[in-house]
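Next comes start.txt, a file with compact mmCIF, C-alpha atoms.
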```
# COMPACT_ATOMS: atom_id res chain seq x y z
CA MET A 222 76.32 28.90 -120.21
CA LYS A 223 76.86 25.22 -120.84
CA ASN A 224 76.95 24.13 -117.20
CA ILE A 225 73.26 23.73 -116.50
CA ASN A 226 73.11 21.66 -113.34
CA LYS A 227 70.82 23.14 -110.73
CA ILE A 228 72.28 22.29 -107.34
CA SER A 229 72.73 24.20 -104.17
CA SER A 230 75.85 25.96 -102.96
CA VAL A 231 78.61 23.66 -101.76
CA LEU A 232 81.61 24.51 -99.58
CA ILE A 233 84.67 22.29 -99.84
CA VAL A 234 88.00 22.60 -98.02
CA ILE A 235 90.81 20.99 -99.98
CA SER A 236 92.81 18.48 -97.92
CA LEU A 237 94.97 15.44 -98.55
CA THR A 238 92.30 12.88 -97.79
CA ALA A 239 92.04 9.84 -100.00
CA SER A 240 88.33 10.34 -100.45
CA LEU A 241 88.71 13.84 -101.89
CA ILE A 242 91.53 12.82 -104.19
CA ALA A 243 89.45 9.91 -105.47
CA GLY A 244 86.32 12.02 -105.74
CA CYS A 245 87.70 15.07 -107.53
CA SER A 246 90.27 13.53 -109.86
CA GLY A 247 91.78 10.31 -111.06
CA SER A 248 94.54 9.54 -108.56
CA ASN A 249 96.54 7.61 -111.15
CA SER A 250 96.52 10.57 -113.52
CA VAL A 251 97.60 12.94 -110.77
CA SER A 252 100.52 10.85 -109.61
CA SER A 253 101.74 10.24 -113.15
CA THR A 254 102.24 13.94 -113.79
CA THR A 255 104.14 14.88 -110.66
CA SER A 256 107.08 12.50 -110.42
CA GLY A 257 110.44 14.15 -109.93
CA LYS A 258 109.02 17.56 -109.09
CA THR A 259 108.87 17.47 -105.32
CA LYS A 260 112.57 17.96 -104.65
CA GLU A 261 112.80 20.67 -107.31
CA LEU A 262 109.88 22.74 -106.06
CA ALA A 263 109.68 22.14 -102.32
CA THR A 264 112.68 24.26 -101.41
CA ALA A 265 113.01 25.42 -97.80
CA GLY A 266 112.38 29.12 -97.32
CA LYS A 267 110.16 29.55 -100.40
CA PRO A 268 107.19 31.86 -99.81
CA SER A 269 104.89 28.97 -100.68
CA GLN A 270 105.95 27.14 -97.50
CA LYS A 271 104.06 29.59 -95.32
CA ALA A 272 100.66 28.60 -93.99
CA LYS A 273 98.06 30.02 -96.36
CA LYS A 274 94.38 29.58 -97.16
CA ILE A 275 92.66 31.12 -100.17
CA ARG A 276 89.00 31.25 -101.16
CA PHE A 277 88.05 29.98 -104.63
CA PHE A 278 84.53 30.83 -105.80
CA THR A 279 83.41 28.81 -108.82
CA LYS A 280 80.50 27.74 -110.96
CA GLY A 281 82.15 24.38 -111.46
CA ASN A 282 81.53 21.21 -109.48
CA GLU A 283 82.68 17.58 -109.30
CA ASN A 284 80.78 16.79 -112.51
CA THR A 285 82.57 19.37 -114.67
CA ALA A 286 85.92 18.77 -116.36
CA PRO A 287 87.55 22.17 -115.57
CA PHE A 288 86.75 21.70 -111.88
CA LYS A 289 88.41 18.28 -111.92
CA VAL A 290 91.49 19.75 -113.60
CA LEU A 291 91.86 22.53 -111.04
CA THR A 292 91.21 20.42 -107.96
CA SER A 293 93.80 17.88 -109.09
CA LEU A 294 96.32 20.72 -109.40
CA PHE A 295 95.32 22.09 -105.99
CA GLU A 296 96.02 18.68 -104.45
CA ASP A 297 99.34 18.27 -106.23
CA TYR A 298 100.53 21.72 -105.19
CA LYS A 299 99.76 20.87 -101.60
CA LYS A 300 101.61 17.55 -101.87
CA GLU A 301 104.61 18.74 -103.86
CA VAL A 302 105.18 22.34 -102.85
CA ASN A 303 103.44 23.56 -99.74
CA PRO A 304 101.67 21.21 -97.33
CA ASN A 305 100.43 24.29 -95.45
CA PHE A 306 98.51 25.67 -98.42
CA GLU A 307 94.73 25.22 -98.46
CA VAL A 308 92.05 26.14 -100.96
CA GLU A 309 88.53 26.66 -99.68
CA ILE A 310 86.13 26.09 -102.55
CA GLU A 311 82.61 27.44 -102.77
CA SER A 312 80.62 26.12 -105.71
CA VAL A 313 77.37 27.63 -107.00
CA PRO A 314 76.61 25.96 -110.35
CA ASN A 315 73.47 27.96 -111.14
CA ASP A 316 74.26 30.95 -113.41
CA THR A 317 71.92 33.48 -111.83
CA GLN A 318 72.70 32.49 -108.24
CA TYR A 319 76.43 32.47 -108.90
CA PHE A 320 76.59 36.00 -110.23
CA GLN A 321 74.20 37.33 -107.62
CA LYS A 322 76.44 35.97 -104.89
CA LEU A 323 79.62 37.22 -106.60
CA ARG A 324 78.18 40.74 -106.78
CA THR A 325 77.19 40.48 -103.13
CA TYR A 326 80.74 39.53 -102.17
CA ILE A 327 82.16 42.40 -104.22
CA ALA A 328 79.73 44.96 -102.78
CA GLY A 329 80.52 43.77 -99.24
CA ASN A 330 84.28 44.03 -99.82
CA GLU A 331 84.56 40.24 -99.48
CA MET A 332 85.74 39.43 -103.00
CA PRO A 333 87.20 35.89 -103.16
CA ASP A 334 90.92 35.41 -103.76
CA MET A 335 90.24 33.43 -106.95
CA PHE A 336 86.95 33.29 -108.82
CA GLN A 337 85.28 32.85 -112.20
CA ILE A 338 84.02 35.77 -114.25
CA PRO A 339 83.41 36.52 -117.96
CA ASN A 340 84.81 39.34 -120.08
CA GLY A 341 82.07 41.88 -119.48
CA VAL A 342 81.20 45.08 -117.68
CA LEU A 343 81.67 43.57 -114.21
CA SER A 344 85.23 42.38 -114.85
CA GLU A 345 86.10 45.59 -116.72
CA ASN A 346 84.96 47.73 -113.83
CA LEU A 347 86.86 45.62 -111.29
CA ALA A 348 90.01 45.97 -113.40
CA LYS A 349 89.57 49.75 -113.68
CA GLN A 350 89.28 49.92 -109.90
CA GLY A 351 92.57 48.04 -109.53
CA LYS A 352 90.90 45.03 -107.95
CA LEU A 353 92.10 42.36 -110.40
CA VAL A 354 95.57 40.97 -111.03
CA ASP A 355 97.06 42.09 -114.36
CA MET A 356 97.08 38.75 -116.16
CA LYS A 357 99.14 39.82 -119.17
CA LYS A 358 101.89 41.13 -116.91
CA THR A 359 101.82 38.06 -114.68
CA LEU A 360 101.78 35.49 -117.49
CA THR A 361 104.59 37.38 -119.25
CA GLU A 362 106.61 37.26 -116.04
CA PHE A 363 105.99 33.50 -115.92
CA GLY A 364 107.28 33.24 -119.53
CA LYS A 365 103.93 31.81 -120.68
CA PHE A 366 101.94 34.61 -122.29
CA ASP A 367 103.13 34.02 -125.87
CA GLN A 368 102.22 30.35 -125.62
CA PHE A 369 98.49 31.04 -125.35
CA ASN A 370 96.16 30.84 -128.33
CA LYS A 371 95.68 34.32 -129.79
CA ALA A 372 91.92 33.97 -130.27
CA ALA A 373 91.39 32.84 -126.67
CA ILE A 374 93.40 35.83 -125.43
CA ASP A 375 91.53 38.16 -127.79
CA PHE A 376 88.22 36.86 -126.44
CA LEU A 377 89.23 37.71 -122.87
CA SER A 378 91.01 41.01 -123.57
CA PHE A 379 89.25 44.30 -122.90
CA LYS A 380 88.77 46.95 -125.59
CA ASP A 381 92.09 48.60 -124.72
CA GLY A 382 93.96 45.31 -125.15
CA SER A 383 94.53 44.74 -121.42
CA LEU A 384 94.07 41.27 -119.97
CA TYR A 385 92.94 40.49 -116.43
CA LEU A 386 91.42 37.05 -116.99
CA PHE A 387 92.91 33.57 -117.29
CA PRO A 388 91.25 31.25 -119.86
CA GLU A 389 89.47 28.17 -118.58
CA GLY A 390 89.98 26.48 -121.96
CA ARG A 391 89.72 27.09 -125.68
CA ASN A 392 86.23 26.45 -126.96
CA GLY A 393 85.54 26.52 -130.66
CA GLU A 394 82.01 26.35 -131.98
CA ALA A 395 80.69 24.71 -135.13
CA PHE A 396 77.70 23.23 -136.90
CA TRP A 397 77.86 19.48 -136.35
CA TYR A 398 76.05 17.47 -139.03
CA TYR A 399 75.35 13.93 -140.18
CA LYS A 400 77.08 13.35 -143.50
CA LYS A 401 74.72 10.73 -144.96
CA PRO A 402 71.65 12.99 -145.44
CA PHE A 403 73.91 15.58 -147.13
CA GLU A 404 75.54 13.03 -149.41
CA GLU A 405 72.36 11.14 -150.35
CA ASN A 406 70.57 14.35 -151.27
CA ASN A 407 73.48 16.05 -153.06
CA ILE A 408 73.64 18.83 -150.49
CA LYS A 409 76.96 20.63 -150.30
CA VAL A 410 78.34 21.99 -147.05
CA PRO A 411 77.03 25.58 -147.08
CA THR A 412 79.53 28.38 -147.66
CA THR A 413 76.98 31.20 -147.26
CA PHE A 414 73.99 31.67 -144.98
CA ASP A 415 71.74 31.63 -148.06
CA GLU A 416 73.11 28.18 -148.89
CA PHE A 417 72.55 27.17 -145.27
CA ILE A 418 68.87 28.02 -145.54
CA GLU A 419 68.64 26.18 -148.88
CA ALA A 420 70.23 23.10 -147.31
CA CYS A 421 67.64 23.19 -144.51
CA LYS A 422 64.85 23.58 -147.06
CA LYS A 423 66.01 20.53 -149.01
CA LEU A 424 66.49 18.44 -145.88
CA LYS A 425 62.97 19.24 -144.68
CA SER A 426 61.51 18.40 -148.10
CA LYS A 427 63.14 14.97 -147.82
CA GLY A 428 61.53 14.31 -144.45
CA TYR A 429 64.40 15.25 -142.15
CA THR A 430 64.36 17.60 -139.18
CA PRO A 431 67.11 19.99 -140.30
CA ILE A 432 68.23 21.51 -136.97
CA ALA A 433 68.19 20.60 -133.28
CA VAL A 434 68.26 23.64 -130.99
CA SER A 435 67.40 24.23 -127.34
CA GLY A 436 64.91 27.05 -126.91
CA LYS A 437 64.85 26.59 -123.16
CA GLU A 438 68.55 27.50 -122.93
CA MET A 439 68.46 31.10 -124.09
CA TRP A 440 72.04 31.23 -125.32
CA GLN A 441 71.43 28.70 -128.08
CA LEU A 442 68.86 30.80 -129.97
CA VAL A 443 70.81 33.98 -129.22
CA ARG A 444 73.80 32.36 -130.93
CA TYR A 445 71.74 32.24 -134.15
CA LEU A 446 71.09 35.96 -133.79
CA SER A 447 74.81 36.61 -133.35
CA PHE A 448 76.11 34.74 -136.42
CA ILE A 449 75.66 37.41 -139.08
CA PRO A 450 76.81 40.34 -136.89
CA LEU A 451 79.88 38.33 -135.85
CA ARG A 452 80.87 37.63 -139.44
CA THR A 453 80.24 41.15 -140.75
CA THR A 454 81.28 43.32 -137.78
CA HIS A 455 83.14 41.01 -135.36
CA THR A 456 82.39 42.70 -131.97
CA ASP A 457 81.39 46.13 -133.27
CA PHE A 458 77.63 45.54 -133.50
CA ILE A 459 77.15 44.07 -130.03
CA GLU A 460 79.46 46.63 -128.38
CA LYS A 461 77.37 49.45 -129.85
CA LEU A 462 74.04 47.70 -129.37
CA LYS A 463 74.53 47.01 -125.66
CA THR A 464 74.50 50.75 -124.81
CA GLY A 465 72.00 51.78 -127.49
CA SER A 466 74.58 53.41 -129.76
CA ILE A 467 73.11 51.39 -132.61
CA SER A 468 69.59 50.07 -133.04
CA PHE A 469 68.59 46.48 -133.63
CA THR A 470 66.50 47.88 -136.49
CA SER A 471 69.75 48.67 -138.34
CA ASP A 472 70.61 46.58 -141.39
CA THR A 473 72.86 44.24 -139.43
CA GLY A 474 70.31 43.72 -136.69
CA MET A 475 67.47 43.06 -139.11
CA GLN A 476 69.56 40.54 -141.05
CA ALA A 477 70.15 38.72 -137.77
CA ALA A 478 66.49 38.78 -136.76
CA ASN A 479 65.30 37.70 -140.20
CA PHE A 480 67.71 34.76 -140.23
CA LEU A 481 66.36 33.30 -136.98
CA TYR A 482 62.78 34.09 -137.99
CA THR A 483 63.22 32.28 -141.31
CA LEU A 484 64.60 29.16 -139.69
CA GLY A 485 61.77 29.02 -137.17
CA LYS A 486 58.93 30.03 -139.49
CA ASN A 487 59.84 27.36 -142.03
CA GLY A 488 59.95 24.61 -139.42
CA TYR A 489 63.67 23.92 -139.66
CA PHE A 490 63.96 23.45 -135.89
CA GLN A 491 62.62 20.32 -134.20
CA LYS A 492 59.05 20.27 -132.94
CA GLY A 493 58.85 21.43 -129.34
CA PHE A 494 62.28 23.10 -129.45
CA SER A 495 61.13 25.99 -127.27
CA SER A 496 60.58 23.72 -124.26
CA MET A 497 63.59 21.43 -124.74
CA ASP A 498 66.59 21.97 -122.51
CA TYR A 499 70.24 21.65 -123.49
CA THR A 500 70.70 17.99 -122.55
CA GLN A 501 67.46 16.91 -124.20
CA THR A 502 68.43 18.71 -127.40
CA LEU A 503 71.93 17.27 -127.48
CA ASN A 504 70.59 13.75 -126.95
CA TYR A 505 67.95 14.38 -129.62
CA PHE A 506 70.70 15.19 -132.09
CA LEU A 507 73.00 12.35 -131.00
CA GLY A 508 70.05 9.98 -131.47
CA GLY A 509 69.95 10.92 -135.15
CA ASN A 510 66.66 12.80 -134.94
CA ALA A 511 68.00 15.99 -136.53
CA VAL A 512 70.72 16.54 -139.12
CA ILE A 513 72.44 19.69 -137.80
CA HIS A 514 73.25 20.96 -134.31
CA TYR A 515 75.31 24.01 -133.34
CA ASN A 516 77.51 23.43 -130.31
CA GLY A 517 81.02 23.82 -128.93
CA THR A 518 84.13 21.77 -128.45
CA TRP A 519 83.27 21.29 -124.80
CA GLU A 520 81.13 18.42 -126.17
CA LEU A 521 83.90 16.68 -128.15
CA ASN A 522 83.56 13.55 -126.05
CA GLN A 523 79.98 13.28 -127.29
CA PHE A 524 81.01 13.58 -130.94
CA ASN A 525 84.27 11.60 -131.01
CA ASP A 526 82.95 8.14 -131.91
CA LYS A 527 80.59 9.27 -134.66
CA TYR A 528 83.31 11.47 -136.14
CA ALA A 529 85.88 8.65 -136.10
CA LYS A 530 83.38 6.38 -137.89
CA GLY A 531 82.80 9.02 -140.58
CA GLU A 532 79.16 9.55 -139.61
CA LEU A 533 79.54 13.07 -138.29
CA GLY A 534 81.26 16.12 -139.72
CA TYR A 535 81.40 19.80 -138.89
CA PHE A 536 81.51 23.14 -140.65
CA MET A 537 82.19 26.63 -139.42
CA LEU A 538 80.12 29.79 -139.81
CA PRO A 539 79.32 30.51 -143.46
CA ASP A 540 79.85 33.88 -145.15
CA VAL A 541 77.24 36.58 -145.60
CA ALA A 542 76.96 36.78 -149.38
CA GLY A 543 78.02 40.14 -150.81
CA ALA A 544 79.29 41.42 -147.46
CA ASN A 545 82.77 42.13 -146.16
CA ASN A 546 83.14 39.20 -143.76
CA ILE A 547 85.70 40.63 -141.35
CA GLY A 548 84.83 38.47 -138.35
CA PRO A 549 86.01 34.91 -137.58
CA LYS A 550 84.40 31.80 -139.05
CA THR A 551 84.21 30.19 -135.64
CA SER A 552 83.42 31.76 -132.32
CA ILE A 553 86.38 30.87 -130.13
CA THR A 554 85.68 31.50 -126.48
CA ALA A 555 87.66 30.72 -123.34
CA GLY A 556 85.05 29.35 -120.97
CA LEU A 557 84.16 31.13 -117.77
CA ALA A 558 87.54 32.73 -117.06
CA TYR A 559 89.46 32.86 -113.78
CA ALA A 560 90.49 36.07 -112.02
CA PHE A 561 92.53 36.83 -108.91
CA ASN A 562 91.90 39.44 -106.25
CA ALA A 563 94.77 41.97 -106.54
CA GLU A 564 94.55 42.91 -102.87
CA THR A 565 95.23 39.37 -101.65
CA PHE A 566 97.61 38.24 -104.41
CA ASP A 567 100.70 37.85 -102.24
CA ASP A 568 103.87 35.84 -102.93
CA SER A 569 102.30 32.59 -101.73
CA THR A 570 99.26 32.96 -103.98
CA LYS A 571 101.45 33.98 -106.91
CA ASP A 572 103.63 30.88 -106.46
CA PHE A 573 100.48 28.76 -106.31
CA PHE A 574 99.16 30.32 -109.52
CA LYS A 575 102.48 29.77 -111.31
CA TYR A 576 102.25 26.08 -110.48
CA ILE A 577 98.77 25.96 -112.01
CA VAL A 578 99.92 27.72 -115.19
CA ASP A 579 103.01 25.51 -115.55
CA HIS A 580 100.95 22.30 -115.34
CA TYR A 581 97.65 23.44 -116.84
CA ASN A 582 98.18 22.43 -120.48
CA LYS A 583 99.14 18.84 -119.75
CA ARG A 584 96.49 18.35 -117.10
CA ILE A 585 93.67 19.57 -119.35
CA TYR A 586 94.35 16.75 -121.80
CA GLU A 587 95.00 14.14 -119.11
CA ILE A 588 91.92 14.79 -117.02
CA GLY A 589 89.71 17.37 -118.72
CA GLY A 590 89.50 15.97 -122.23
CA TYR A 591 88.83 19.42 -123.69
CA ILE A 592 91.08 21.74 -125.71
CA SER A 593 93.79 23.70 -123.94
CA PRO A 594 94.08 27.50 -124.27
CA PHE A 595 97.76 26.90 -125.07
CA ASP A 596 98.79 26.47 -128.70
CA GLY A 597 100.89 23.47 -129.67
CA ASP A 598 100.60 19.80 -130.43
CA VAL A 599 97.73 17.81 -128.99
CA PRO A 600 98.90 14.64 -127.18
CA ASP A 601 98.91 11.47 -129.28
CA ASN A 602 96.35 9.75 -127.08
CA MET A 603 93.65 12.36 -127.77
CA SER A 604 90.88 11.70 -130.29
CA ILE A 605 91.15 12.30 -134.04
CA LEU A 606 88.43 14.94 -133.75
CA THR A 607 90.29 16.81 -130.98
CA LYS A 608 93.44 16.89 -133.11
CA ASP A 609 91.62 17.93 -136.29
CA ILE A 610 89.53 20.74 -134.85
CA SER A 611 92.39 22.02 -132.72
CA LYS A 612 94.42 22.61 -135.90
CA VAL A 613 91.53 24.58 -137.40
CA MET A 614 91.12 26.65 -134.26
CA GLU A 615 94.81 27.41 -133.95
CA LYS A 616 94.68 29.35 -137.22
CA VAL A 617 92.01 31.70 -135.86
CA THR A 618 93.35 34.89 -134.30
CA GLN A 619 90.10 36.72 -133.48
CA GLY A 620 88.07 35.81 -130.44
CA GLY A 621 84.38 35.08 -130.61
CA VAL A 622 81.77 36.95 -128.66
CA SER A 623 79.00 35.78 -126.35
CA TRP A 624 76.16 38.27 -126.42
CA ASP A 625 74.90 37.08 -123.05
CA ASP A 626 78.21 38.22 -121.53
CA LYS A 627 77.93 41.68 -123.11
CA LEU A 628 74.32 42.72 -122.56
CA ASP A 629 72.97 43.94 -119.26
CA PRO A 630 71.24 41.09 -117.36
CA ALA A 631 67.68 42.41 -117.78
CA THR A 632 68.04 42.89 -121.54
CA ASN A 633 69.71 39.51 -121.82
CA GLU A 634 66.66 37.84 -120.25
CA ILE A 635 64.32 39.74 -122.55
CA MET A 636 66.35 38.85 -125.63
CA GLY A 637 66.32 35.16 -124.74
CA SER A 638 62.53 35.13 -124.31
CA ALA A 639 61.94 37.25 -127.40
CA ALA A 640 64.24 35.01 -129.48
CA ASN A 641 61.92 32.12 -128.65
CA GLU A 642 58.91 34.17 -129.71
CA LEU A 643 60.66 35.15 -132.92
CA ALA A 644 61.62 31.56 -133.79
CA LEU A 645 58.08 30.40 -133.02
CA GLY A 646 56.68 33.07 -135.35
CA LEU A 647 54.77 34.76 -132.52
CA ILE A 648 56.40 38.12 -133.34
CA LYS A 649 57.86 39.59 -136.53
CA PRO A 650 61.54 40.58 -136.88
CA LYS A 651 60.73 44.29 -136.65
CA ASP A 652 58.73 43.76 -133.45
CA PHE A 653 61.60 41.73 -132.02
CA ALA A 654 64.10 44.47 -132.84
CA GLN A 655 61.92 47.13 -131.25
CA LYS A 656 61.50 45.04 -128.11
CA ILE A 657 65.27 44.74 -127.75
CA ASP A 658 65.82 48.45 -128.39
CA ASN A 659 63.24 49.33 -125.74
CA ALA A 660 64.85 46.96 -123.22
CA ILE A 661 68.29 48.47 -123.80
CA LYS A 662 66.92 52.00 -123.50
CA LYS A 663 65.36 51.10 -120.17
CA ASN A 664 68.10 48.93 -118.61
CA ALA A 665 71.47 49.78 -120.13
CA PRO A 666 72.04 53.33 -118.79
CA ASP A 667 72.10 52.30 -115.12
CA PHE A 668 74.03 49.10 -115.75
CA PHE A 669 76.74 50.69 -117.89
CA LYS A 670 76.90 54.07 -116.16
CA SER A 671 80.20 53.26 -114.44
CA ASP A 672 81.62 52.24 -117.82
CA LYS A 673 81.16 55.68 -119.42
```

Please re-express this file's structure in structure tokens.
Amino acid sequence: MKNINKISSVLIVISLTASLIAGCSGSNSVSSTTSGKTKELATAGKPSQKAKKIRFFTKGNENTAPFKVLTSLFEDYKKEVNPNFEVEIESVPNDTQYFQKLRTYIAGNEMPDMFQIPNGVLSENLAKQGKLVDMKKTLTEFGKFDQFNKAAIDFLSFKDGSLYLFPEGRNGEAFWYYKKPFEENNIKVPTTFDEFIEACKKLKSKGYTPIAVSGKEMWQLVRYLSFIPLRTTHTDFIEKLKTGSISFTSDTGMQAANFLYTLGKNGYFQKGFSSMDYTQTLNYFLGGNAVIHYNGTWELNQFNDKYAKGELGYFMLPDVAGANNIGPKTSITAGLAYAFNAETFDDSTKDFFKYIVDHYNKRIYEIGGYISPFDGDVPDNMSILTKDISKVMEKVTQGGVSWDDKLDPATNEIMGSAANELALGLIKPKDFAQKIDNAIKKNAPDFFKSDK
């Protein structure tokens, strides 16, 4: 969702050339993490010493932190453990193109050895068909499973509790806000969604733009629709909605639609939000043009300085007043997860994966700069914000939910467009709900038929 670069497909073969090491990772960081390991790991006769090439299909690229983390580990494994091991990387950063090509590979019985995929119907069906490596079993065998953050694992686990996906990271989400407008206008950090709306009303009356949101990136407005259902039902509403077992015209759905409609109708979003993309919106907020912006911890590097200076704060999802708020106060996700092809997961690939798992936590902080899916202390050299929000996230045991991962693709597109119309006041909440119900009725049966 957050990787929005539009570039063409790229094929890279990992090798020990200086240019690739310099281009994909910081060579100093790589060398500093591997001393003393070569003799221990590069034992003659290990399965990893056999010549092996695997295909890695990814949405990441040289500009994304998770890609840099993985490619540095690929290089180190080749240097330290098996010089005959190669990783062929195919990168397709565009969301739609990536998943179209992944489905094409799967349908043609050419599924990559390692690839990225969300917790959704596609990954569930692959697991049911025995095509994915059992991640819970494998991580338990490695002695690592209990070290992962419970919310990140919950986010990636299927309804039956099984796990076939490895977390890219641990992403918490929050409302980021400038403290000064709140303090100068005696506005308290909202504890309910009613108070949130009142805070926006007061900010607007004082001449501020209350919220920066990207209407061009569908997931941002859809997040606003998901807040109330997440707090009051956790995953129950979206799991039932996606197949039409519950209507968007239900009480929960209408509360969600009315919340987004109210924010848009009252002008609490910035002017022109519907045509602003993610980067424009983030820069708009960072420039001090709006007071509040909802985003995830994948942007901590953007918020670190202002937070350290006391200019910026954050708050989690408020409560729904009078409701039983059973869902989490922050939507913890795990990025676009990694999966392995069960058919090609031999001893060499397993040894390679174990190396990644063993070094993943440290490398994320050294190179990635984002929050690890492992629990535990954050390194001393990380920012104050990273340390503070990591402690908050570690207490959360329920995973979040991304509606765009759960809905069928056609309905997801319709919801994104309709959310813009709703926020612009072009349609009423009831009309929005009916449009979504009609889309699900038309598109969901075929998409979810193998899931029944």

Take CA of Glu532 (chain A) and CA of Gly597 (chain A) and report the distance between them in Å, one decimal.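 A separation of 27.7 Å between them.
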
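The space separating CA of Trp519 (chain A) from CA of Asn392 (chain A) comes to 6.3 Å.
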
Counting all atoms listed in the file, write as a list in words all protein and nucleic acid residues lying at most 12 Å from (86.6, 10.9, -140.3) in the file's frame. Tyr399, Lys400, Phe524, Asn525, Asp526, Lys527, Tyr528, Ala529, Lys530, Gly531, Glu532, Leu533, Gly534, Tyr535, Ser604, Ile605, Leu606, Thr607, Lys608, Asp609 and Ile610 of chain A

Could you please determine the separation between CA of Tyr591 (chain A) and CA of Leu451 (chain A) in Å, to one decimal place? 24.2 Å

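Remark: for Gly364 (chain A), the closest of the candidate residues A:Leu484, A:Ala286, A:Ile432, A:Val578 is A:Val578 (distances computed over all atoms listed in the file).
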
If you count only C-alpha atoms, the residue of A:Ile374, A:Val443, A:Leu347, A:Leu628 closest to Ile459 (chain A) turns out to be A:Leu628

Exercise: Trp440 (chain A) partners within 10 Å, all atoms listed in the file, chain neighbours under 5 positions left out, as a VMD selection string: chain A and resid 222 to 223 435 445 to 446 499 623 to 625 633 to 634 636 to 637 640

Generate a file of the selected residues that holds C-alpha atoms, formatted as an mmCIF file, in the frame of the given file.
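Everything below was put into out_26.cif:
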```
data_model
loop_
_atom_site.group_PDB
_atom_site.id
_atom_site.type_symbol
_atom_site.label_atom_id
_atom_site.label_comp_id
_atom_site.auth_asym_id
_atom_site.auth_seq_id
_atom_site.Cartn_x
_atom_site.Cartn_y
_atom_site.Cartn_z
ATOM 1 C CA MET A 222 76.320 28.900 -120.210
ATOM 2 C CA LYS A 223 76.860 25.220 -120.840
ATOM 3 C CA SER A 435 67.400 24.230 -127.340
ATOM 4 C CA TYR A 445 71.740 32.240 -134.150
ATOM 5 C CA LEU A 446 71.090 35.960 -133.790
ATOM 6 C CA TYR A 499 70.240 21.650 -123.490
ATOM 7 C CA SER A 623 79.000 35.780 -126.350
ATOM 8 C CA TRP A 624 76.160 38.270 -126.420
ATOM 9 C CA ASP A 625 74.900 37.080 -123.050
ATOM 10 C CA ASN A 633 69.710 39.510 -121.820
ATOM 11 C CA GLU A 634 66.660 37.840 -120.250
ATOM 12 C CA MET A 636 66.350 38.850 -125.630
ATOM 13 C CA GLY A 637 66.320 35.160 -124.740
ATOM 14 C CA ALA A 640 64.240 35.010 -129.480
#
```

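When only C-alpha atoms are used to measure the gap to Thr518 (chain A), the shortest distance among A:Glu416, A:Asp579, A:Glu394, A:Asp652 belongs to A:Glu394.
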
For Asp667 (chain A), which of A:Asp572, A:Val342, A:Asn522, A:Ser552 is the closest residue, counting all atoms listed in the file?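 Looking only at the distances to Asp667 (chain A), the closest residue turns out to be A:Val342.
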
Among listed residues A:Gly556, A:Ala348, A:Thr413, A:Asp498, nearest Gly281 (chain A) (using all atoms listed in the file): A:Gly556

Find, counting all atoms listed in the file, the residue in A:Lys274, A:Lys651, A:Lys437, A:Lys425 that gets nearest to Tyr489 (chain A). A:Lys425

With a distance cut-off of 10 Å and only C-alpha atoms, select the neighbouring residues of Ile547 (chain A), excluding the residue or stretch itself and same-chain residues fewer than 2 positions from it, and output the selection as a PyMOL selection string. chain A and resi 450-455+540+544-545+549-550+619
